[in-house]
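Trainee: This one is run_13.pdb, PDB, C-alpha atoms and all ligand atoms.
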```pdb
ATOM      1  CA  MET F  30     -15.988   4.092 -33.847  1.00  0.00           C
ATOM      2  CA  LYS F  31     -12.682   4.485 -32.080  1.00  0.00           C
ATOM      3  CA  THR F  32     -10.214   1.781 -31.186  1.00  0.00           C
ATOM      4  CA  LYS F  33      -8.747   2.426 -27.763  1.00  0.00           C
ATOM      5  CA  LYS F  34      -5.857   0.854 -25.943  1.00  0.00           C
ATOM      6  CA  LEU F  35      -5.321   0.090 -22.294  1.00  0.00           C
ATOM      7  CA  GLU F  36      -1.754   0.195 -21.060  1.00  0.00           C
ATOM      8  CA  ILE F  37      -0.589  -1.159 -17.725  1.00  0.00           C
ATOM      9  CA  SER F  38       2.737  -0.401 -16.089  1.00  0.00           C
ATOM     10  CA  TYR F  39       4.121  -2.577 -13.339  1.00  0.00           C
ATOM     11  CA  GLN F  40       7.415  -3.348 -11.716  1.00  0.00           C
ATOM     12  CA  GLU F  41       9.252  -6.648 -11.958  1.00  0.00           C
ATOM     13  CA  TYR F  42      11.859  -7.581  -9.348  1.00  0.00           C
ATOM     14  CA  SER F  43      14.132 -10.597  -9.289  1.00  0.00           C
ATOM     15  CA  SER F  44      14.554 -10.928  -5.547  1.00  0.00           C
ATOM     16  CA  LEU F  45      12.926  -9.944  -2.264  1.00  0.00           C
ATOM     17  CA  GLU F  46      15.994  -7.837  -1.445  1.00  0.00           C
ATOM     18  CA  GLU F  47      15.160  -5.499  -4.343  1.00  0.00           C
ATOM     19  CA  LEU F  48      11.796  -4.552  -2.822  1.00  0.00           C
ATOM     20  CA  ARG F  49      11.416  -1.575  -0.534  1.00  0.00           C
ATOM     21  CA  PRO F  50      11.376  -2.720   3.120  1.00  0.00           C
ATOM     22  CA  GLU F  51       7.583  -2.395   3.598  1.00  0.00           C
ATOM     23  CA  ASP F  52       6.892  -4.460   0.493  1.00  0.00           C
ATOM     24  CA  ARG F  53       9.553  -7.003   1.394  1.00  0.00           C
ATOM     25  CA  GLU F  54       7.995  -7.445   4.843  1.00  0.00           C
ATOM     26  CA  LEU F  55       4.571  -7.993   3.265  1.00  0.00           C
ATOM     27  CA  ALA F  56       5.933 -10.448   0.685  1.00  0.00           C
ATOM     28  CA  ILE F  57       7.625 -12.445   3.439  1.00  0.00           C
ATOM     29  CA  ALA F  58       4.397 -12.419   5.465  1.00  0.00           C
ATOM     30  CA  ALA F  59       2.541 -13.834   2.440  1.00  0.00           C
ATOM     31  CA  ILE F  60       5.134 -16.600   2.018  1.00  0.00           C
ATOM     32  CA  GLU F  61       4.879 -17.388   5.739  1.00  0.00           C
ATOM     33  CA  ALA F  62       1.059 -17.397   5.512  1.00  0.00           C
ATOM     34  CA  MET F  63       1.240 -20.252   2.953  1.00  0.00           C
ATOM     35  CA  LYS F  64       1.759 -22.507   5.995  1.00  0.00           C
ATOM     36  CA  GLY F  65      -1.855 -21.866   7.001  1.00  0.00           C
ATOM     37  CA  ALA F  66      -3.234 -23.230   3.731  1.00  0.00           C
ATOM     38  CA  TYR F  67      -5.696 -26.085   3.986  1.00  0.00           C
ATOM     39  CA  ALA F  68      -5.557 -27.533   0.487  1.00  0.00           C
ATOM     40  CA  PRO F  69      -6.260 -31.282   0.638  1.00  0.00           C
ATOM     41  CA  TYR F  70      -7.822 -31.251  -2.866  1.00  0.00           C
ATOM     42  CA  SER F  71      -5.507 -29.101  -4.985  1.00  0.00           C
ATOM     43  CA  ASN F  72      -2.399 -29.352  -2.794  1.00  0.00           C
ATOM     44  CA  PHE F  73      -1.725 -25.787  -3.980  1.00  0.00           C
ATOM     45  CA  CYS F  74      -0.934 -23.571  -1.002  1.00  0.00           C
ATOM     46  CA  VAL F  75      -1.512 -19.832  -1.218  1.00  0.00           C
ATOM     47  CA  GLY F  76      -0.736 -17.185   1.386  1.00  0.00           C
ATOM     48  CA  ALA F  77      -1.812 -13.545   1.350  1.00  0.00           C
ATOM     49  CA  ALA F  78      -0.873 -10.592   3.519  1.00  0.00           C
ATOM     50  CA  VAL F  79      -2.798  -7.324   3.647  1.00  0.00           C
ATOM     51  CA  ARG F  80      -1.244  -4.102   4.922  1.00  0.00           C
ATOM     52  CA  LEU F  81      -3.595  -1.562   6.492  1.00  0.00           C
ATOM     53  CA  GLU F  82      -3.019   2.186   6.397  1.00  0.00           C
ATOM     54  CA  ASP F  83      -1.664   2.140   9.967  1.00  0.00           C
ATOM     55  CA  GLY F  84       0.880  -0.565   9.107  1.00  0.00           C
ATOM     56  CA  THR F  85      -1.024  -3.496  10.590  1.00  0.00           C
ATOM     57  CA  VAL F  86      -0.552  -6.711   8.619  1.00  0.00           C
ATOM     58  CA  VAL F  87      -3.361  -9.290   8.387  1.00  0.00           C
ATOM     59  CA  THR F  88      -2.717 -12.642   6.742  1.00  0.00           C
ATOM     60  CA  GLY F  89      -4.792 -15.418   5.246  1.00  0.00           C
ATOM     61  CA  ALA F  90      -4.388 -18.681   3.378  1.00  0.00           C
ATOM     62  CA  ASN F  91      -6.612 -20.700   1.055  1.00  0.00           C
ATOM     63  CA  GLN F  92      -9.110 -22.964   2.779  1.00  0.00           C
ATOM     64  CA  GLU F  93     -10.637 -25.771   0.758  1.00  0.00           C
ATOM     65  CA  ASN F  94     -13.764 -27.802   1.419  1.00  0.00           C
ATOM     66  CA  ALA F  95     -15.265 -31.062   0.154  1.00  0.00           C
ATOM     67  CA  ALA F  96     -18.193 -28.983  -1.114  1.00  0.00           C
ATOM     68  CA  PHE F  97     -15.860 -27.096  -3.470  1.00  0.00           C
ATOM     69  CA  PRO F  98     -17.534 -23.679  -3.721  1.00  0.00           C
ATOM     70  CA  SER F  99     -17.481 -23.461   0.067  1.00  0.00           C
ATOM     71  CA  GLY F 100     -13.714 -23.011   0.123  1.00  0.00           C
ATOM     72  CA  LEU F 101     -12.026 -19.645  -0.164  1.00  0.00           C
ATOM     73  CA  CYS F 102      -8.880 -18.190  -1.733  1.00  0.00           C
ATOM     74  CA  ALA F 103      -6.061 -16.812   0.395  1.00  0.00           C
ATOM     75  CA  GLU F 104      -6.639 -13.232  -0.762  1.00  0.00           C
ATOM     76  CA  ARG F 105     -10.289 -13.144   0.262  1.00  0.00           C
ATOM     77  CA  THR F 106      -9.557 -14.958   3.525  1.00  0.00           C
ATOM     78  CA  ALA F 107      -7.054 -12.193   4.350  1.00  0.00           C
ATOM     79  CA  MET F 108      -9.183  -9.278   3.123  1.00  0.00           C
ATOM     80  CA  PHE F 109     -12.376 -10.456   4.816  1.00  0.00           C
ATOM     81  CA  SER F 110     -10.454 -11.011   8.017  1.00  0.00           C
ATOM     82  CA  ALA F 111      -8.943  -7.503   7.794  1.00  0.00           C
ATOM     83  CA  GLY F 112     -12.312  -6.000   6.899  1.00  0.00           C
ATOM     84  CA  ALA F 113     -13.995  -7.694   9.848  1.00  0.00           C
ATOM     85  CA  ALA F 114     -11.304  -6.893  12.428  1.00  0.00           C
ATOM     86  CA  TYR F 115     -10.416  -3.365  11.253  1.00  0.00           C
ATOM     87  CA  PRO F 116     -13.473  -2.010   9.431  1.00  0.00           C
ATOM     88  CA  ASP F 117     -12.265   1.594   9.583  1.00  0.00           C
ATOM     89  CA  LYS F 118      -8.758   1.053   8.243  1.00  0.00           C
ATOM     90  CA  ALA F 119      -8.023   1.233   4.524  1.00  0.00           C
ATOM     91  CA  MET F 120      -6.181  -1.703   2.961  1.00  0.00           C
ATOM     92  CA  VAL F 121      -3.225  -0.187   1.138  1.00  0.00           C
ATOM     93  CA  SER F 122      -1.372  -3.245  -0.092  1.00  0.00           C
ATOM     94  CA  ILE F 123      -1.768  -6.990  -0.576  1.00  0.00           C
ATOM     95  CA  ALA F 124       0.951  -9.566  -1.246  1.00  0.00           C
ATOM     96  CA  VAL F 125       0.216 -13.050  -2.584  1.00  0.00           C
ATOM     97  CA  ALA F 126       2.477 -16.104  -2.669  1.00  0.00           C
ATOM     98  CA  GLY F 127       1.730 -19.674  -3.699  1.00  0.00           C
ATOM     99  CA  GLY F 128       3.063 -23.028  -4.740  1.00  0.00           C
ATOM    100  CA  ALA F 129       2.352 -26.747  -4.851  1.00  0.00           C
ATOM    101  CA  ALA F 130       2.865 -28.613  -1.577  1.00  0.00           C
ATOM    102  CA  GLY F 131       3.750 -25.349   0.150  1.00  0.00           C
ATOM    103  CA  VAL F 132       6.882 -24.684  -1.923  1.00  0.00           C
ATOM    104  CA  LEU F 133       6.970 -21.168  -3.395  1.00  0.00           C
ATOM    105  CA  ASP F 134       6.516 -21.427  -7.162  1.00  0.00           C
ATOM    106  CA  PRO F 135       8.838 -19.507  -9.515  1.00  0.00           C
ATOM    107  CA  HIS F 136       5.711 -18.266 -11.302  1.00  0.00           C
ATOM    108  CA  PRO F 137       4.025 -15.553  -9.187  1.00  0.00           C
ATOM    109  CA  ALA F 138       0.557 -16.539  -7.943  1.00  0.00           C
ATOM    110  CA  SER F 139      -2.026 -14.394  -9.677  1.00  0.00           C
ATOM    111  CA  PRO F 140      -5.372 -13.601  -8.033  1.00  0.00           C
ATOM    112  CA  CYS F 141      -8.558 -15.031  -9.532  1.00  0.00           C
ATOM    113  CA  GLY F 142     -11.263 -12.759 -10.885  1.00  0.00           C
ATOM    114  CA  ALA F 143     -13.421 -12.974  -7.769  1.00  0.00           C
ATOM    115  CA  CYS F 144     -10.512 -11.895  -5.554  1.00  0.00           C
ATOM    116  CA  ARG F 145      -9.750  -8.979  -7.892  1.00  0.00           C
ATOM    117  CA  GLN F 146     -13.343  -7.831  -7.615  1.00  0.00           C
ATOM    118  CA  VAL F 147     -13.166  -7.979  -3.821  1.00  0.00           C
ATOM    119  CA  MET F 148      -9.869  -6.054  -3.888  1.00  0.00           C
ATOM    120  CA  ALA F 149     -11.554  -3.432  -6.066  1.00  0.00           C
ATOM    121  CA  GLN F 150     -14.346  -2.878  -3.601  1.00  0.00           C
ATOM    122  CA  TYR F 151     -12.065  -2.623  -0.571  1.00  0.00           C
ATOM    123  CA  GLN F 152      -9.933  -0.150  -2.507  1.00  0.00           C
ATOM    124  CA  THR F 153     -13.022   1.986  -3.112  1.00  0.00           C
ATOM    125  CA  LYS F 154     -14.172   1.561   0.500  1.00  0.00           C
ATOM    126  CA  GLY F 155     -10.780   2.625   1.846  1.00  0.00           C
ATOM    127  CA  GLY F 156     -10.415   5.541  -0.552  1.00  0.00           C
ATOM    128  CA  LYS F 157      -6.734   4.758  -1.152  1.00  0.00           C
ATOM    129  CA  ASP F 158      -4.937   2.837  -3.890  1.00  0.00           C
ATOM    130  CA  MET F 159      -4.249  -0.769  -2.932  1.00  0.00           C
ATOM    131  CA  SER F 160      -0.992  -2.051  -4.406  1.00  0.00           C
ATOM    132  CA  ILE F 161      -0.659  -5.711  -5.335  1.00  0.00           C
ATOM    133  CA  ILE F 162       2.554  -7.671  -4.933  1.00  0.00           C
ATOM    134  CA  LEU F 163       2.643 -11.085  -6.620  1.00  0.00           C
ATOM    135  CA  VAL F 164       5.453 -13.147  -5.204  1.00  0.00           C
ATOM    136  CA  GLY F 165       7.254 -15.937  -7.034  1.00  0.00           C
ATOM    137  CA  ASP F 166      10.600 -17.516  -6.311  1.00  0.00           C
ATOM    138  CA  GLY F 167      12.927 -15.233  -8.277  1.00  0.00           C
ATOM    139  CA  ILE F 168      10.241 -13.065  -9.846  1.00  0.00           C
ATOM    140  CA  ILE F 169       8.051 -10.550  -8.060  1.00  0.00           C
ATOM    141  CA  LEU F 170       5.525  -8.288  -9.738  1.00  0.00           C
ATOM    142  CA  LYS F 171       4.158  -5.081  -8.260  1.00  0.00           C
ATOM    143  CA  PHE F 172       1.070  -3.259  -9.462  1.00  0.00           C
ATOM    144  CA  SER F 173       0.202   0.158  -8.025  1.00  0.00           C
ATOM    145  CA  ARG F 174      -3.553  -0.203  -7.835  1.00  0.00           C
ATOM    146  CA  VAL F 175      -6.326  -2.735  -8.362  1.00  0.00           C
ATOM    147  CA  ASP F 176      -7.387  -0.985 -11.598  1.00  0.00           C
ATOM    148  CA  ASP F 177      -4.149  -2.275 -13.134  1.00  0.00           C
ATOM    149  CA  ILE F 178      -5.140  -5.922 -12.713  1.00  0.00           C
ATOM    150  CA  LEU F 179      -8.891  -5.360 -13.161  1.00  0.00           C
ATOM    151  CA  PRO F 180      -9.525  -2.775 -15.846  1.00  0.00           C
ATOM    152  CA  LEU F 181     -13.072  -1.415 -16.217  1.00  0.00           C
ATOM    153  CA  ILE F 182     -13.939  -2.298 -12.640  1.00  0.00           C
ATOM    154  CA  PHE F 183     -17.605  -2.873 -11.843  1.00  0.00           C
ATOM    155  CA  ASP F 184     -18.190  -0.491  -9.013  1.00  0.00           C
ATOM    156  CA  ASN F 185     -21.603   0.797  -8.000  1.00  0.00           C
ATOM    157  CA  ILE F 186     -21.041   1.760  -4.376  1.00  0.00           C
TER
HETATM  158  N1  LIG F 201      -6.133 -19.943  -4.888  1.00  0.00           N
HETATM  159  C1  LIG F 201      -5.905 -18.900  -4.049  1.00  0.00           C
HETATM  160  O1  LIG F 201      -6.013 -19.030  -2.824  1.00  0.00           O
HETATM  161  N2  LIG F 201      -5.568 -17.716  -4.591  1.00  0.00           N
HETATM  162  C2  LIG F 201      -5.336 -17.515  -5.916  1.00  0.00           C
HETATM  163  O2  LIG F 201      -4.968 -16.421  -6.298  1.00  0.00           O
HETATM  164  C3  LIG F 201      -5.535 -18.599  -6.877  1.00  0.00           C
HETATM  165  C4  LIG F 201      -6.050 -19.873  -6.316  1.00  0.00           C
HETATM  166  C5  LIG F 201      -6.444 -21.246  -4.293  1.00  0.00           C
HETATM  167  C6  LIG F 201      -7.823 -21.770  -4.517  1.00  0.00           C
HETATM  168  C7  LIG F 201      -7.612 -23.248  -4.350  1.00  0.00           C
HETATM  169  O3  LIG F 201      -7.646 -23.563  -2.966  1.00  0.00           O
HETATM  170  C8  LIG F 201      -6.205 -23.477  -4.838  1.00  0.00           C
HETATM  171  O4  LIG F 201      -5.574 -22.210  -4.832  1.00  0.00           O
HETATM  172  C9  LIG F 201      -6.113 -24.102  -6.211  1.00  0.00           C
HETATM  173  O5  LIG F 201      -6.813 -23.376  -7.123  1.00  0.00           O
END
```
Show me this structure written as C-alpha cells.
Ligand code: THU
Mentor:
Amino acid sequence: MKTKKLEISYQEYSSLEELRPEDRELAIAAIEAMKGAYAPYSNFCVGAAVRLEDGTVVTGANQENAAFPSGLCAERTAMFSAGAAYPDKAMVSIAVAGGAAGVLDPHPASPCGACRQVMAQYQTKGGKDMSIILVGDGIILKFSRVDDILPLIFDNI
C-alpha cells in the first residue's frame, strides 16, 4: 500500500485589474451575465462566460424552474450554448461569478460537481486545457485546467 498526495496550484488575485486582459474581459462578462439569471427560488444569481479558442465569448446564467431538477446552472447554460453554436471550437476558459440578489459575492462562486464533469468532457472534446476563473468581489481564483478542480476525472470518450 502506498499513500499518495494530490497537490493543486492555483492563482489568487485581489482585483480584476490584476488579471491579464483576456481573463479580465471574461471575468467582467461573467459578472455582466449574472443579469440574465432567472432565480425566483434561490435568489442566487450566477453568470458564466466561456472563451472559445478563436476568442469568441459565450455567456450563460442560471435558470431555475418550479420542477427543480429542470433548472440549470450558469456554467452548463453557457457551455451547452457554446457547444451547440460552435461545435468545432475548443472551449479554453470559463469564468463564473455569483451572488445573492444579483450582487457579486466576496466569496467566489464555485461550480457544482455536475458542472465540473461537463467542463471535463468539453476539455477532452476540445483537446485543450480549459482554465477556470472563479470571480468574487475582491478575490478571484484561477485554475489552469479542469483536472485541478476535478481530480480523477471520469472520462471514457
Ligand atoms: N448555481 C449555478 O448556476 N452555478 C454554480 O456554480 C452553483 C449554483 C445556481 C443553481 C441555482 O439556480 C442557484 O445557483 C442556487 O443554487
Trainee: Within 8 Å of Ala58 (chain F), counting all atoms listed in the file, which residues qualify if same-chain residues fewer than 2 places away don't, as a list in words?
Mentor: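 Counting only the stated atoms, we get Glu54, Leu55, Ala56, Ile60, Glu61, Ala62, Ala77, Ala78 and Thr88 of chain F.
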Trainee: Could you tell me which of F:Glu104, F:Glu47, F:Glu41, F:Asp166 comes closest to Cys144 (chain F) if we count only C-alpha atoms?
Mentor: F:Glu104
Trainee: Would you list the residues that come within 8 Å of ligand LIG 201 (chain F)? Count only C-alpha atoms and all ligand atoms and give the answer as JSON, numbers by chain.
Mentor: {"F": [67, 68, 70, 71, 72, 73, 74, 75, 76, 90, 91, 92, 93, 100, 101, 102, 103, 104, 105, 125, 127, 138, 139, 140, 141, 144]}
Trainee: Which residues, written as a list in words, have at least one atom at most 10 Å from Val86 (chain F), with all atoms listed in the file counted and residues fewer than 2 positions away on the same chain left out?
Mentor: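 Using all atoms listed in the file, the neighbours found are Glu54, Leu55, Ala58, Ala59, Ala78, Val79, Arg80, Leu81, Glu82, Asp83, Gly84, Thr88, Ala107, Ala111, Met120, Ser122 and Ile123 of chain F.
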Trainee: Pick out the closest residue to Asn185 (chain F) from this set: F:Asn94, F:Ser43, F:Thr153, F:Ser160. Count all atoms listed in the file.
Mentor: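 Between F:Asn94, F:Ser43, F:Thr153, F:Ser160, the residue approaching Asn185 (chain F) most closely is F:Thr153.
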Trainee: Check the smallest atom-to-atom distance from each of F:Met30, F:Ala143, F:Ile169, F:Ile161 to Ser44 (chain F) using only C-alpha atoms, then report the winner.
Mentor: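 Under the stated criterion, the closest residue is F:Ile169.
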Trainee: Identify which of the residues F:Ile57, F:Leu163, F:Ala129, F:Val87 lies closest to Ile178 (chain F), counting only C-alpha atoms when measuring atom-to-atom distances.
Mentor: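 For Ile178 (chain F), the nearest of the given residues is F:Leu163.
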Trainee: Using only C-alpha atoms, can you tell me which of F:Phe172, F:Tyr42, F:Phe183, F:Tyr151 comes closest to Ala113 (chain F)?
Mentor: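 Distance minimum relative to Ala113 (chain F) lands on F:Tyr151.
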Trainee: Rounded to one decimal in Å, what is the spacing between CA of Met63 (chain F) and CA of Leu170 (chain F)?
Mentor: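 Between CA of Met63 (chain F) and CA of Leu170 (chain F) the gap works out to 18.0 Å.
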Trainee: Restricting the calculation to all atoms listed in the file: of F:Ile168, F:Ala119, F:Met159, F:Ala96, which residue gets closest to Pro135 (chain F)?
Mentor: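 Closest residue, counting all atoms listed in the file: F:Ile168.
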Trainee: Determine the residue set returned by the PyMOL selection byres (((chain F and resi 176) around 12) and not hetatm) for the present structure, and present it as a PyMOL selection string.
Mentor: chain F and resi 35-39+145-150+152-153+157-161+172-175+177-184
Trainee: Quick one: pull the distance between CA of Leu133 (chain F) and CA of Val164 (chain F), Å, one decimal.
Mentor: 8.4 Å
Trainee: Grab the CA of Ala114 (chain F) to CA of Ala126 (chain F) distance for me, in Å with one decimal place.
Mentor: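 If I compute the distance from CA of Ala114 (chain F) to CA of Ala126 (chain F), I get 22.4 Å.
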Trainee: Centre and edge lengths, as JSON, for the axis-aligned box enclosing every listed atom of region 159-168 of chain F with 3 Å of padding on each of the six sides, in Å to one decimal?
Mentor:
```
{"center_x": 4.3, "center_y": -9.1, "center_z": -6.4, "size_x": 23.2, "size_y": 22.7, "size_z": 12.9}
```
